[in-house]
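Novice: One file: work-v9.txt (compact mmCIF, C-alpha atoms).
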```txt
# COMPACT_ATOMS: atom_id res chain seq x y z
CA MET Z 106 6.82 30.08 175.97
CA GLN Z 107 5.49 31.91 172.91
CA SER Z 108 7.19 31.20 169.61
CA SER Z 109 8.85 34.18 167.93
CA LYS Z 110 6.57 36.23 165.71
CA ARG Z 111 7.18 38.72 162.94
CA ILE Z 112 5.22 41.84 163.87
CA LEU Z 113 4.76 45.02 161.83
CA VAL Z 114 4.61 48.25 163.87
CA ALA Z 115 3.17 51.18 161.91
CA PRO Z 116 2.75 54.63 163.55
CA LEU Z 117 0.97 57.57 161.96
CA ASN Z 118 3.24 60.37 160.74
CA TRP Z 119 1.44 63.25 162.48
CA GLY Z 120 4.09 65.00 164.52
CA LEU Z 121 6.42 62.68 166.44
CA GLY Z 122 4.12 61.41 169.20
CA HIS Z 123 2.78 58.30 167.50
CA ALA Z 124 6.30 57.19 166.57
CA THR Z 125 7.86 57.88 169.97
CA ARG Z 126 5.19 56.03 171.93
CA CYS Z 127 5.81 53.00 169.71
CA ILE Z 128 9.42 52.87 170.95
CA PRO Z 129 8.55 50.99 174.20
CA ILE Z 130 6.32 48.64 172.15
CA ILE Z 131 9.16 47.83 169.75
CA ASN Z 132 11.59 47.36 172.64
CA ALA Z 133 9.13 44.99 174.32
CA LEU Z 134 8.79 42.94 171.12
CA LEU Z 135 12.58 42.58 171.00
CA GLU Z 136 12.79 41.70 174.70
CA HIS Z 137 10.15 38.96 174.24
CA GLY Z 138 12.08 37.41 171.36
CA HIS Z 139 9.88 38.65 168.53
CA GLN Z 140 11.07 40.30 165.30
CA PRO Z 141 9.58 43.75 164.76
CA PHE Z 142 9.33 45.47 161.41
CA ILE Z 143 8.62 49.21 161.13
CA ALA Z 144 6.42 50.91 158.55
CA SER Z 145 5.66 54.63 158.31
CA ASP Z 146 6.61 57.73 156.33
CA GLY Z 147 8.23 61.13 156.77
CA VAL Z 148 9.71 62.23 160.09
CA ALA Z 149 8.06 59.35 161.99
CA ARG Z 150 9.90 56.80 159.88
CA SER Z 151 13.14 58.80 160.05
CA LEU Z 152 13.00 58.97 163.84
CA LEU Z 153 12.40 55.22 164.25
CA ARG Z 154 15.17 54.37 161.77
CA LYS Z 155 17.57 56.37 163.96
CA GLU Z 156 16.26 54.67 167.14
CA PHE Z 157 16.32 51.15 165.65
CA PRO Z 158 18.99 51.05 162.91
CA ASP Z 159 18.97 47.22 162.86
CA VAL Z 160 15.20 46.85 162.37
CA THR Z 161 13.87 46.55 158.81
CA THR Z 162 11.83 49.61 157.87
CA PHE Z 163 9.27 50.08 155.09
CA GLU Z 164 7.87 53.22 153.47
CA LEU Z 165 4.09 53.70 153.60
CA PRO Z 166 2.02 56.18 151.55
CA SER Z 167 1.90 59.61 153.15
CA TYR Z 168 -1.39 61.06 154.41
CA LYS Z 169 0.16 64.48 153.61
CA ILE Z 170 -1.39 66.03 156.71
CA THR Z 171 -0.82 69.76 157.16
CA TYR Z 172 -2.56 72.26 159.41
CA ALA Z 173 -4.33 75.47 158.50
CA GLU Z 174 -2.45 78.63 159.45
CA LYS Z 175 -5.52 79.91 161.35
CA ALA Z 176 -7.33 77.88 164.01
CA LYS Z 177 -10.77 78.74 162.65
CA ASN Z 178 -9.87 76.99 159.38
CA PHE Z 179 -8.64 73.76 161.03
CA LYS Z 180 -11.79 71.68 160.47
CA VAL Z 181 -12.32 72.99 156.94
CA LYS Z 182 -8.70 72.13 156.08
CA MET Z 183 -9.12 68.60 157.48
CA MET Z 184 -12.31 68.09 155.43
CA TRP Z 185 -10.61 69.50 152.33
CA ASP Z 186 -7.72 67.08 152.80
CA SER Z 187 -9.94 64.04 153.51
CA PRO Z 188 -9.90 62.77 149.87
CA LYS Z 189 -6.08 62.68 150.06
CA VAL Z 190 -6.27 60.70 153.30
CA LEU Z 191 -8.77 58.21 151.85
CA LYS Z 192 -6.58 57.77 148.77
CA ALA Z 193 -3.53 57.16 150.97
CA MET Z 194 -5.51 54.64 153.07
CA ASN Z 195 -6.39 52.62 149.97
CA LYS Z 196 -2.74 52.58 148.89
CA GLU Z 197 -1.79 51.67 152.44
CA LYS Z 198 -4.10 48.63 152.47
CA LYS Z 199 -2.56 47.32 149.25
CA THR Z 200 0.98 47.89 150.57
CA ILE Z 201 0.18 46.08 153.84
CA LYS Z 202 -1.26 43.08 152.00
CA GLN Z 203 1.94 42.83 149.95
CA LEU Z 204 4.18 43.19 153.05
CA VAL Z 205 2.29 40.48 154.97
CA LYS Z 206 2.68 38.02 152.11
CA LYS Z 207 6.24 38.89 151.11
CA HIS Z 208 7.69 38.97 154.64
CA GLN Z 209 5.43 36.34 156.22
CA LEU Z 210 4.22 38.71 158.92
CA ASP Z 211 2.35 37.18 161.86
CA GLY Z 212 0.64 40.32 163.09
CA ILE Z 213 0.21 44.07 162.84
CA ILE Z 214 0.28 46.91 165.37
CA SER Z 215 -1.11 50.13 163.89
CA ASP Z 216 -0.82 53.37 165.82
CA ASN Z 217 -3.64 55.42 164.33
CA ARG Z 218 -2.88 54.40 160.72
CA LEU Z 219 -6.40 53.64 159.54
CA GLY Z 220 -5.41 51.60 156.48
CA VAL Z 221 -2.82 49.39 158.22
CA PHE Z 222 -5.04 46.33 158.52
CA TYR Z 223 -5.16 42.89 156.95
CA LYS Z 224 -7.98 40.55 157.89
CA LYS Z 225 -5.92 37.36 157.61
CA VAL Z 226 -3.52 38.16 160.48
CA PRO Z 227 -4.20 39.47 164.02
CA CYS Z 228 -4.27 43.26 164.02
CA VAL Z 229 -4.08 45.74 166.90
CA PHE Z 230 -4.98 49.42 166.83
CA ILE Z 231 -3.31 51.84 169.28
CA THR Z 232 -5.15 55.05 170.08
CA HIS Z 233 -5.94 57.36 172.98
CA GLN Z 234 -8.88 58.79 171.03
CA LEU Z 235 -11.85 56.46 171.26
CA ASN Z 236 -13.76 59.71 170.97
CA VAL Z 237 -12.47 62.10 168.31
CA LEU Z 238 -13.26 65.69 169.24
CA SER Z 239 -14.29 67.91 166.33
CA GLY Z 240 -16.59 70.53 167.81
CA ASN Z 241 -20.24 70.15 166.89
CA THR Z 242 -19.42 67.11 164.73
CA THR Z 243 -17.76 65.13 167.56
CA TRP Z 244 -20.54 62.52 167.58
CA MET Z 245 -19.97 61.83 163.89
CA SER Z 246 -16.16 61.77 163.92
CA SER Z 247 -16.21 59.53 167.02
CA LYS Z 248 -18.65 57.03 165.52
CA ALA Z 249 -16.64 56.91 162.28
CA HIS Z 250 -13.41 56.28 164.17
CA GLN Z 251 -14.97 53.60 166.38
CA LYS Z 252 -16.33 51.85 163.29
CA ILE Z 253 -12.78 51.55 161.89
CA ILE Z 254 -11.38 50.38 165.25
CA LYS Z 255 -13.96 47.57 165.44
CA LYS Z 256 -12.29 45.89 162.45
CA PHE Z 257 -9.20 45.26 164.54
CA ASP Z 258 -8.83 42.31 166.91
CA ALA Z 259 -7.94 44.59 169.83
CA CYS Z 260 -7.57 48.27 170.67
CA TRP Z 261 -4.74 49.23 173.03
CA VAL Z 262 -5.33 52.50 174.87
CA PRO Z 263 -2.22 54.05 176.51
CA ASP Z 264 -3.96 55.16 179.70
CA VAL Z 265 -5.44 53.68 182.86
CA GLU Z 266 -9.02 52.40 182.81
CA GLY Z 267 -10.26 54.02 186.00
CA LYS Z 268 -9.92 57.45 187.60
CA PRO Z 269 -7.78 59.50 187.84
CA ASN Z 270 -6.53 59.21 184.26
CA LEU Z 271 -4.84 61.33 181.60
CA THR Z 272 -7.23 61.16 178.63
CA GLY Z 273 -10.63 61.85 180.20
CA LYS Z 274 -13.46 61.43 177.70
CA LEU Z 275 -11.00 60.94 174.83
CA GLY Z 276 -9.94 57.46 175.94
CA HIS Z 277 -13.01 56.18 177.78
CA LEU Z 278 -16.41 54.99 176.55
CA LYS Z 279 -19.48 54.26 178.67
CA LYS Z 280 -20.47 51.30 176.50
CA SER Z 281 -18.59 49.64 173.66
CA LYS Z 282 -18.26 46.35 171.79
CA ILE Z 283 -14.61 47.16 170.99
CA ASN Z 284 -12.04 44.81 172.57
CA ILE Z 285 -10.27 47.52 174.61
CA LYS Z 286 -7.10 46.87 176.61
CA TYR Z 287 -5.75 49.69 178.80
CA LEU Z 288 -1.96 49.66 178.86
CA GLY Z 289 -1.34 52.47 181.30
CA PRO Z 290 0.59 55.52 180.01
CA LEU Z 291 3.32 54.65 177.50
CA SER Z 292 6.67 56.42 177.65
CA ARG Z 293 10.12 55.76 176.25
CA PHE Z 294 11.63 57.53 179.28
CA LYS Z 295 12.68 56.60 182.83
CA LYS Z 296 12.96 59.05 185.69
CA THR Z 297 16.53 59.49 186.95
CA ALA Z 298 18.21 61.89 189.38
CA VAL Z 299 20.45 64.42 187.59
CA GLU Z 300 21.74 67.90 188.30
CA GLN Z 301 19.67 70.76 186.88
CA LYS Z 302 21.32 72.47 183.91
CA TYR Z 303 18.51 74.41 182.21
CA ASP Z 304 15.84 76.71 183.63
CA LEU Z 305 13.53 75.97 180.70
CA MET Z 306 13.34 73.39 177.93
CA VAL Z 307 11.29 74.06 174.80
CA LEU Z 308 10.17 70.92 173.00
CA LEU Z 309 8.46 71.31 169.62
CA SER Z 310 6.92 68.88 167.12
CA GLY Z 311 3.83 68.55 164.97
CA PRO Z 312 2.81 69.15 161.36
CA GLU Z 313 3.66 72.31 159.49
CA PRO Z 314 3.11 75.20 159.22
CA GLN Z 315 2.17 75.44 162.92
CA ARG Z 316 5.47 74.00 164.17
CA THR Z 317 7.47 76.72 162.41
CA ILE Z 318 5.01 79.47 163.40
CA LEU Z 319 5.42 78.58 167.09
CA GLU Z 320 9.20 78.19 166.76
CA GLU Z 321 9.57 81.70 165.39
CA LYS Z 322 7.27 83.19 168.02
CA LEU Z 323 9.06 81.49 170.92
CA LEU Z 324 12.58 82.35 169.75
CA GLU Z 325 11.50 86.00 169.80
CA GLU Z 326 9.49 85.97 173.06
CA LEU Z 327 11.97 83.93 175.08
CA GLN Z 328 14.85 86.35 174.56
CA GLN Z 329 13.32 88.18 177.55
CA PHE Z 330 13.31 85.05 179.75
CA ASP Z 331 15.73 85.22 182.66
CA GLY Z 332 17.52 81.85 182.65
CA ASN Z 333 19.20 79.27 180.42
CA ILE Z 334 17.02 77.67 177.74
CA PHE Z 335 17.42 74.45 175.80
CA PHE Z 336 15.33 74.62 172.61
CA VAL Z 337 14.57 71.43 170.61
CA LYS Z 338 12.93 72.20 167.26
CA GLY Z 339 11.66 68.69 166.59
CA LYS Z 340 12.96 68.69 163.01
CA ILE Z 341 14.28 65.24 162.11
CA GLU Z 342 17.20 65.81 159.75
CA GLU Z 343 20.12 63.71 158.56
CA HIS Z 344 22.56 65.25 161.01
CA LYS Z 345 22.08 66.76 164.45
CA SER Z 346 23.03 70.41 164.84
CA ILE Z 347 23.46 72.50 168.00
CA GLU Z 348 23.84 76.30 168.15
CA GLU Z 349 24.07 78.74 171.05
CA PHE Z 350 22.65 82.28 171.08
CA GLU Z 351 23.52 84.86 173.74
CA THR Z 352 20.84 87.42 174.61
CA LEU Z 353 20.79 90.15 177.24
CA ASN Z 354 19.06 87.84 179.72
CA ASN Z 355 20.06 84.29 178.84
CA THR Z 356 21.74 81.70 176.69
CA ILE Z 357 19.51 79.79 174.27
CA THR Z 358 20.90 76.45 173.06
CA VAL Z 359 19.05 75.35 169.91
CA CYS Z 360 19.05 71.76 168.65
CA ASN Z 361 17.19 70.42 165.60
CA PHE Z 362 16.37 67.00 167.13
CA MET Z 363 17.47 64.54 169.80
CA GLN Z 364 17.16 60.78 170.13
CA SER Z 365 15.52 59.17 173.14
CA GLU Z 366 18.45 58.77 175.53
CA GLU Z 367 19.86 62.28 175.11
CA LEU Z 368 16.37 63.82 175.09
CA GLN Z 369 15.57 62.10 178.37
CA THR Z 370 18.77 63.52 179.87
CA ALA Z 371 17.99 67.05 178.66
CA LEU Z 372 14.41 66.85 179.99
CA THR Z 373 15.52 65.65 183.41
CA GLN Z 374 18.15 68.41 183.53
CA SER Z 375 15.43 71.04 182.91
CA ALA Z 376 13.41 72.69 185.68
CA LYS Z 377 10.41 73.43 183.46
CA VAL Z 378 9.16 72.42 180.00
CA LEU Z 379 7.30 74.49 177.40
CA CYS Z 380 5.63 72.42 174.69
CA ARG Z 381 2.49 71.39 172.83
CA SER Z 382 -0.18 69.49 174.74
CA GLY Z 383 0.06 66.40 172.55
CA TYR Z 384 -0.88 63.25 174.43
CA THR Z 385 2.45 61.46 174.00
CA THR Z 386 4.27 64.51 175.36
CA ILE Z 387 1.91 64.52 178.35
CA MET Z 388 2.69 60.84 179.03
CA ASP Z 389 6.45 61.52 178.82
CA LEU Z 390 6.23 64.50 181.18
CA ALA Z 391 4.09 62.51 183.63
CA LYS Z 392 6.71 59.74 183.62
CA LEU Z 393 9.42 62.28 184.42
CA GLU Z 394 7.14 64.17 186.87
CA LYS Z 395 7.82 67.56 185.29
CA LYS Z 396 6.36 71.02 185.71
CA ALA Z 397 5.26 72.33 182.33
CA PHE Z 398 3.44 74.96 180.30
CA PHE Z 399 1.31 74.00 177.29
CA ILE Z 400 0.53 75.81 174.04
CA PRO Z 401 -2.01 73.66 172.13
CA THR Z 402 -1.81 73.51 168.35
CA PRO Z 403 -4.36 76.08 167.13
CA GLY Z 404 -7.64 74.46 166.13
CA GLN Z 405 -6.67 70.96 167.27
CA TYR Z 406 -9.58 70.04 169.53
CA GLU Z 407 -7.79 67.14 171.23
CA GLN Z 408 -4.81 69.23 172.37
CA GLU Z 409 -7.08 72.07 173.47
CA TYR Z 410 -9.23 69.68 175.50
CA LEU Z 411 -6.21 68.07 177.21
CA ALA Z 412 -4.65 71.47 178.03
CA LYS Z 413 -7.91 72.83 179.48
CA ARG Z 414 -8.51 69.62 181.47
CA LEU Z 415 -5.02 69.61 183.03
CA GLN Z 416 -5.24 73.32 183.88
CA LYS Z 417 -8.64 72.75 185.51
CA GLN Z 418 -7.05 69.97 187.61
CA ASN Z 419 -4.36 72.47 188.70
CA LEU Z 420 -1.61 70.36 187.12
CA VAL Z 421 -0.35 72.39 184.13
CA PRO Z 422 -1.24 75.92 182.90
CA TYR Z 423 -1.70 76.74 179.24
CA SER Z 424 -2.09 79.60 176.79
CA ASN Z 425 -3.44 79.97 173.28
CA GLN Z 426 -0.61 80.36 170.76
CA SER Z 427 -1.67 83.83 169.63
CA ASP Z 428 -1.91 85.13 173.22
CA PHE Z 429 1.30 83.68 174.66
CA LYS Z 430 3.84 86.02 176.27
CA PHE Z 431 6.99 84.98 178.10
CA ASP Z 432 5.54 86.34 181.38
CA ASP Z 433 2.91 83.56 181.22
CA LEU Z 434 5.60 81.08 182.28
CA LYS Z 435 5.50 82.55 185.80
CA ARG Z 436 2.14 80.79 186.24
CA ILE Z 437 3.88 77.37 186.29
CA ASP Z 438 4.90 77.78 189.94
CA ALA Z 439 1.26 77.89 191.07
CA PHE Z 440 0.51 74.47 189.55
CA GLU Z 441 1.32 71.00 190.91
CA GLY Z 442 2.96 69.54 187.80
CA LEU Z 443 2.43 66.10 186.29
CA LYS Z 444 2.85 62.84 188.21
CA GLN Z 445 3.40 59.36 186.85
CA PHE Z 446 0.86 56.53 187.02
CA GLU Z 447 2.33 53.28 188.24
CA SER Z 448 1.35 50.53 185.80
CA ASP Z 449 2.99 47.27 184.84
CA ILE Z 450 2.25 46.28 181.24
CA ASP Z 451 1.91 42.54 180.73
CA TYR Z 452 3.40 42.44 177.25
CA GLY Z 453 3.50 38.65 177.24
CA SER Z 454 -0.28 38.53 177.54
CA LEU Z 455 -0.76 41.30 174.98
CA PHE Z 456 1.54 39.66 172.43
CA SER Z 457 -0.22 36.29 172.84
CA LEU Z 458 -2.83 37.69 170.44
CA PHE Z 459 -0.35 37.15 167.61
CA SER Z 460 -0.18 33.42 168.34
CA LYS Z 461 -3.80 33.00 167.34
CA VAL Z 462 -4.45 31.68 163.83
CA LYS Z 463 -7.28 33.46 162.08
CA GLU Z 464 -9.75 31.69 159.82
CA ASN Z 465 -8.62 31.71 156.17
CA SER Z 466 -5.26 33.12 157.28
CA GLU Z 467 -2.26 33.31 154.99
CA PRO Z 468 0.51 30.78 155.64
CA THR Z 469 2.94 32.65 157.94
CA SER Z 470 6.11 31.82 159.79
CA SER Z 471 6.00 29.75 162.96
CA SER Z 472 9.45 30.96 163.92
CA LEU Z 473 12.01 33.52 162.86
CA SER Z 474 13.82 31.07 160.63
CA THR Z 475 13.10 31.52 156.94
```
Please express the file's structure as structure tokens.
Specialist:
Amino acid sequence: MQSSKRILVAPLNWGLGHATRCIPIINALLEHGHQPFIASDGVARSLLRKEFPDVTTFELPSYKITYAEKAKNFKVKMMWDSPKVLKAMNKEKKTIKQLVKKHQLDGIISDNRLGVFYKKVPCVFITHQLNVLSGNTTWMSSKAHQKIIKKFDACWVPDVEGKPNLTGKLGHLKKSKINIKYLGPLSRFKKTAVEQKYDLMVLLSGPEPQRTILEEKLLEELQQFDGNIFFVKGKIEEHKSIEEFETLNNTITVCNFMQSEELQTALTQSAKVLCRSGYTTIMDLAKLEKKAFFIPTPGQYEQEYLAKRLQKQNLVPYSNQSDFKFDDLKRIDAFEGLKQFESDIDYGSLFSLFSKVKENSEPTSSSLST
């Protein structure tokens, strides 16, 4: 039996997806007798603190990622912000070094945080983007990302290795020297049988200003929708708030955020889901086998690729944000909807990586006693 290890889990604060898909990882660490620590910033950190109030949480430097208001400016905005990201990464590396030494950490799990790495302890990188799509610079952004991943002892991809799969070319390489482990899709949810309560659930998240732009557009468009709507803004705030609005055609219940258990209930009670085509959301909807409609974040190549791919497979329809009208939701009925992939994750084998002692490693704990 493996001895208990002290493992840092650090998701990127880019929307809520990286944080939420770390929830099953953190739960698995606890179930296997390990002691997780959480490190992030912004809404990602806030969400995980609410989910795991008894787990020690650390603040990491923010990448300060925001989106351009127009899709055509997305890449330019990312390039303009790259010095801020590089600066945050350097601060991140220093912070991680201090945390490993101060708290005697035995290993690190980074979900797309590029600077969360320390060469003297085993480090894992979680990503579904082995290829990073960026238009005509995809070859360059992919090679740069793969170069960073190679520093880590393993790369965990939340998808299946063969076909059919959810990520397509994002999560699969023809040849690679990276130590890739396919986990199968990761979701914090479990499918249960409940009575339908809502005709449509709207689930928002993602960096500003695009989250707010879509929220305002949908609250206006969906007043014409015939049926009850549950609308989750995806704004992590200190207190949860719920409001109801009566329109001529429906009742719209608006909530600022929900934690995992109540969100799972609301999703299963909903006939259809309208949301971004972020990969974590896709994994959650596949787990719950939902019918959905996607509106990709404007200019985000990954979300656009996933939405187009799933529509081509006749699973989920999509619309560009600027073109969306409430009538588009009628297209959902002609599509099959998402289905779950059966996969059993061998967490014991995955976590055995943290029992390995690296050359020139820092003295770390052999058990949870300090």
Novice: From the set Z:His233, Z:Asn284, Z:Glu343, Z:Phe456, which residue has the shortest atom-to-atom contact distance to Ile387 of chain Z, counting only C-alpha atoms?
Specialist: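 Checking each of Z:His233, Z:Asn284, Z:Glu343, Z:Phe456 against Ile387 of chain Z, counting only C-alpha atoms, the winner is Z:His233.
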Novice: Using only C-alpha atoms, which of Z:Glu136, Z:Val337, Z:Thr385, Z:Cys228 sits nearest Asp264 of chain Z?
Specialist: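 Checking each candidate against Asp264 of chain Z, we get Z:Thr385 as the closest.
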Novice: Closest to Cys360 of chain Z among Z:Leu165, Z:Leu308, Z:Ala259, Z:Leu390, using all atoms listed in the file?
Specialist: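 The answer is Z:Leu308, which sits nearest to Cys360 of chain Z.
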Novice: To one decimal place in Å, what is the distance between atom CA of Lys252 of chain Z and atom CA of Pro403 of chain Z?
Specialist: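 Between atom CA of Lys252 of chain Z and atom CA of Pro403 of chain Z the gap is 27.3 Å.
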Novice: In file coordinates, which residues lie within 12 Å of (12.3, 61.4, 155.1) using all atoms listed in the file, given as a PyMOL selection string?
Specialist: chain Z and resi 118+145-155+163-165+167+340-343
Novice: Write out as a PyMOL selection string which residues come within 12 Å of Ser292 of chain Z when counting all atoms listed in the file, dropping same-chain ones fewer than 2 positions away.
Specialist: chain Z and resi 122-132+263-264+288-290+294-296+365+369+384-393+445-448+450
Novice: Select, from Z:Phe399, Z:Tyr168, Z:Tyr410, Z:Phe350, the residue with the minimum atom-to-atom distance to Leu219 of chain Z, counting all atoms listed in the file.
Specialist: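 Of Z:Phe399, Z:Tyr168, Z:Tyr410, Z:Phe350, the one nearest Leu219 of chain Z is Z:Tyr168, counting all atoms listed in the file.
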Novice: Here is a test: counting all atoms listed in the file, which residue of Z:Ser281, Z:Ser457, Z:Thr162, Z:Ser382 is nearest to Asp211 of chain Z?
Specialist: Z:Ser457
Novice: Please return as a PyMOL selection string every residue within 10 Å of (-11.7, 50.5, 163.8), taking into account only C-alpha atoms and the file's own coordinates.
Specialist: chain Z and resi 217+219-220+222+229-230+235+248-260+283
Novice: Restricting the calculation to all atoms listed in the file: of Z:Arg316, Z:Lys225, Z:Lys196, Z:Lys274, which residue gets closest to Lys461 of chain Z?
Specialist: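 Nearest candidate to Lys461 of chain Z out of Z:Arg316, Z:Lys225, Z:Lys196, Z:Lys274: Z:Lys225.
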Novice: Taking 5 positions as the minimum chain separation for residues in the same chain, which residues sit within 12 Å of Leu135 of chain Z when counting only C-alpha atoms? Answer as an mmCIF file with C-alpha atoms, in the coordinates of the input.
Specialist:
```cif
data_model
loop_
_atom_site.group_PDB
_atom_site.id
_atom_site.type_symbol
_atom_site.label_atom_id
_atom_site.label_comp_id
_atom_site.auth_asym_id
_atom_site.auth_seq_id
_atom_site.Cartn_x
_atom_site.Cartn_y
_atom_site.Cartn_z
ATOM 1 C CA SER Z 109 8.850 34.180 167.930
ATOM 2 C CA LYS Z 110 6.570 36.230 165.710
ATOM 3 C CA ARG Z 111 7.180 38.720 162.940
ATOM 4 C CA ILE Z 112 5.220 41.840 163.870
ATOM 5 C CA ILE Z 128 9.420 52.870 170.950
ATOM 6 C CA PRO Z 129 8.550 50.990 174.200
ATOM 7 C CA ILE Z 130 6.320 48.640 172.150
ATOM 8 C CA GLN Z 140 11.070 40.300 165.300
ATOM 9 C CA PRO Z 141 9.580 43.750 164.760
ATOM 10 C CA PHE Z 142 9.330 45.470 161.410
ATOM 11 C CA PHE Z 157 16.320 51.150 165.650
ATOM 12 C CA ASP Z 159 18.970 47.220 162.860
ATOM 13 C CA VAL Z 160 15.200 46.850 162.370
ATOM 14 C CA TYR Z 452 3.400 42.440 177.250
ATOM 15 C CA GLY Z 453 3.500 38.650 177.240
ATOM 16 C CA PHE Z 456 1.540 39.660 172.430
#
```
Novice: Just to confirm, what's the straight-line distance from atom CA of Phe429 of chain Z to atom CA of Tyr303 of chain Z in Å (one decimal)?
Specialist: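 For atom CA of Phe429 of chain Z relative to atom CA of Tyr303 of chain Z, the distance reads 21.0 Å.
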Novice: Interatomic distance between atom CA of Lys302 of chain Z and atom CA of His344 of chain Z?
Specialist: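 Straight-line distance from atom CA of Lys302 of chain Z to atom CA of His344 of chain Z works out to 24.0 Å.
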Novice: List the spatial neighbours of Gly332 of chain Z as JSON, numbers by chain - criterion: any atom at most 10 Å away, only C-alpha atoms, same-chain residues fewer than 4 positions off excluded.
Specialist: {"Z": [303, 304, 305, 327, 328, 354, 355, 356, 357]}
Novice: For segment 290-350 of chain Z against segment 424-427 of chain Z, with a cut-off of 10 Å and counting only C-alpha atoms, what is the closest atom pair and its distance in Å to one decimal for every residue that makes the cut, ordered by chain and number, as a tab-separated table?
Specialist:
```
residue	atom	partner	partner_atom	distance
Z:Gln315	CA	Z:Gln426	CA	9.7
Z:Ile318	CA	Z:Gln426	CA	9.3
Z:Leu319	CA	Z:Gln426	CA	7.3
Z:Lys322	CA	Z:Gln426	CA	8.8
Z:Leu323	CA	Z:Gln426	CA	9.7
```
Novice: Neighbouring residues of Ser246 of chain Z were defined as those with any atom within 9 Å, considering only C-alpha atoms; residues of the same chain fewer than 6 positions away were excluded. Please report them as a ChimeraX atom specification.
Specialist: /Z:236-239
Novice: Can you sort out segment 292-304 of chain Z so it carries N, CA, C and O atoms, written as a PDB file, in the coordinates of the input?
Specialist:
```pdb
ATOM      1  N   SER Z 292       5.582  55.454 177.809  1.00  0.00           N
ATOM      2  CA  SER Z 292       6.670  56.420 177.650  1.00  0.00           C
ATOM      3  C   SER Z 292       7.966  55.696 177.359  1.00  0.00           C
ATOM      4  O   SER Z 292       8.218  54.616 177.902  1.00  0.00           O
ATOM      5  N   ARG Z 293       8.789  56.315 176.542  1.00  0.00           N
ATOM      6  CA  ARG Z 293      10.120  55.760 176.250  1.00  0.00           C
ATOM      7  C   ARG Z 293      11.123  56.143 177.333  1.00  0.00           C
ATOM      8  O   ARG Z 293      12.269  55.708 177.303  1.00  0.00           O
ATOM      9  N   PHE Z 294      10.700  56.978 178.304  1.00  0.00           N
ATOM     10  CA  PHE Z 294      11.630  57.530 179.280  1.00  0.00           C
ATOM     11  C   PHE Z 294      11.557  56.835 180.639  1.00  0.00           C
ATOM     12  O   PHE Z 294      10.576  56.169 180.966  1.00  0.00           O
ATOM     13  N   LYS Z 295      12.628  57.042 181.438  1.00  0.00           N
ATOM     14  CA  LYS Z 295      12.680  56.600 182.830  1.00  0.00           C
ATOM     15  C   LYS Z 295      13.181  57.759 183.670  1.00  0.00           C
ATOM     16  O   LYS Z 295      14.099  58.481 183.273  1.00  0.00           O
ATOM     17  N   LYS Z 296      12.559  57.943 184.832  1.00  0.00           N
ATOM     18  CA  LYS Z 296      12.960  59.050 185.690  1.00  0.00           C
ATOM     19  C   LYS Z 296      14.286  58.719 186.378  1.00  0.00           C
ATOM     20  O   LYS Z 296      14.458  57.650 186.957  1.00  0.00           O
ATOM     21  N   THR Z 297      15.231  59.655 186.289  1.00  0.00           N
ATOM     22  CA  THR Z 297      16.530  59.490 186.950  1.00  0.00           C
ATOM     23  C   THR Z 297      16.881  60.799 187.667  1.00  0.00           C
ATOM     24  O   THR Z 297      16.357  61.868 187.342  1.00  0.00           O
ATOM     25  N   ALA Z 298      17.783  60.714 188.626  1.00  0.00           N
ATOM     26  CA  ALA Z 298      18.210  61.890 189.380  1.00  0.00           C
ATOM     27  C   ALA Z 298      19.446  62.495 188.705  1.00  0.00           C
ATOM     28  O   ALA Z 298      20.485  61.840 188.609  1.00  0.00           O
ATOM     29  N   VAL Z 299      19.313  63.724 188.217  1.00  0.00           N
ATOM     30  CA  VAL Z 299      20.450  64.420 187.590  1.00  0.00           C
ATOM     31  C   VAL Z 299      20.465  65.866 188.072  1.00  0.00           C
ATOM     32  O   VAL Z 299      19.463  66.389 188.561  1.00  0.00           O
ATOM     33  N   GLU Z 300      21.596  66.500 187.900  1.00  0.00           N
ATOM     34  CA  GLU Z 300      21.740  67.900 188.300  1.00  0.00           C
ATOM     35  C   GLU Z 300      21.066  68.817 187.295  1.00  0.00           C
ATOM     36  O   GLU Z 300      21.168  68.606 186.076  1.00  0.00           O
ATOM     37  N   GLN Z 301      20.352  69.831 187.781  1.00  0.00           N
ATOM     38  CA  GLN Z 301      19.670  70.760 186.880  1.00  0.00           C
ATOM     39  C   GLN Z 301      20.673  71.604 186.106  1.00  0.00           C
ATOM     40  O   GLN Z 301      21.637  72.125 186.662  1.00  0.00           O
ATOM     41  N   LYS Z 302      20.426  71.718 184.799  1.00  0.00           N
ATOM     42  CA  LYS Z 302      21.320  72.470 183.910  1.00  0.00           C
ATOM     43  C   LYS Z 302      20.587  73.614 183.216  1.00  0.00           C
ATOM     44  O   LYS Z 302      21.177  74.650 182.906  1.00  0.00           O
ATOM     45  N   TYR Z 303      19.294  73.411 182.942  1.00  0.00           N
ATOM     46  CA  TYR Z 303      18.510  74.410 182.210  1.00  0.00           C
ATOM     47  C   TYR Z 303      17.320  74.879 183.043  1.00  0.00           C
ATOM     48  O   TYR Z 303      16.685  74.098 183.741  1.00  0.00           O
ATOM     49  N   ASP Z 304      17.018  76.168 182.940  1.00  0.00           N
ATOM     50  CA  ASP Z 304      15.840  76.710 183.630  1.00  0.00           C
ATOM     51  C   ASP Z 304      14.562  76.385 182.856  1.00  0.00           C
ATOM     52  O   ASP Z 304      13.497  76.266 183.448  1.00  0.00           O
TER      53      ASP Z 304
END
```
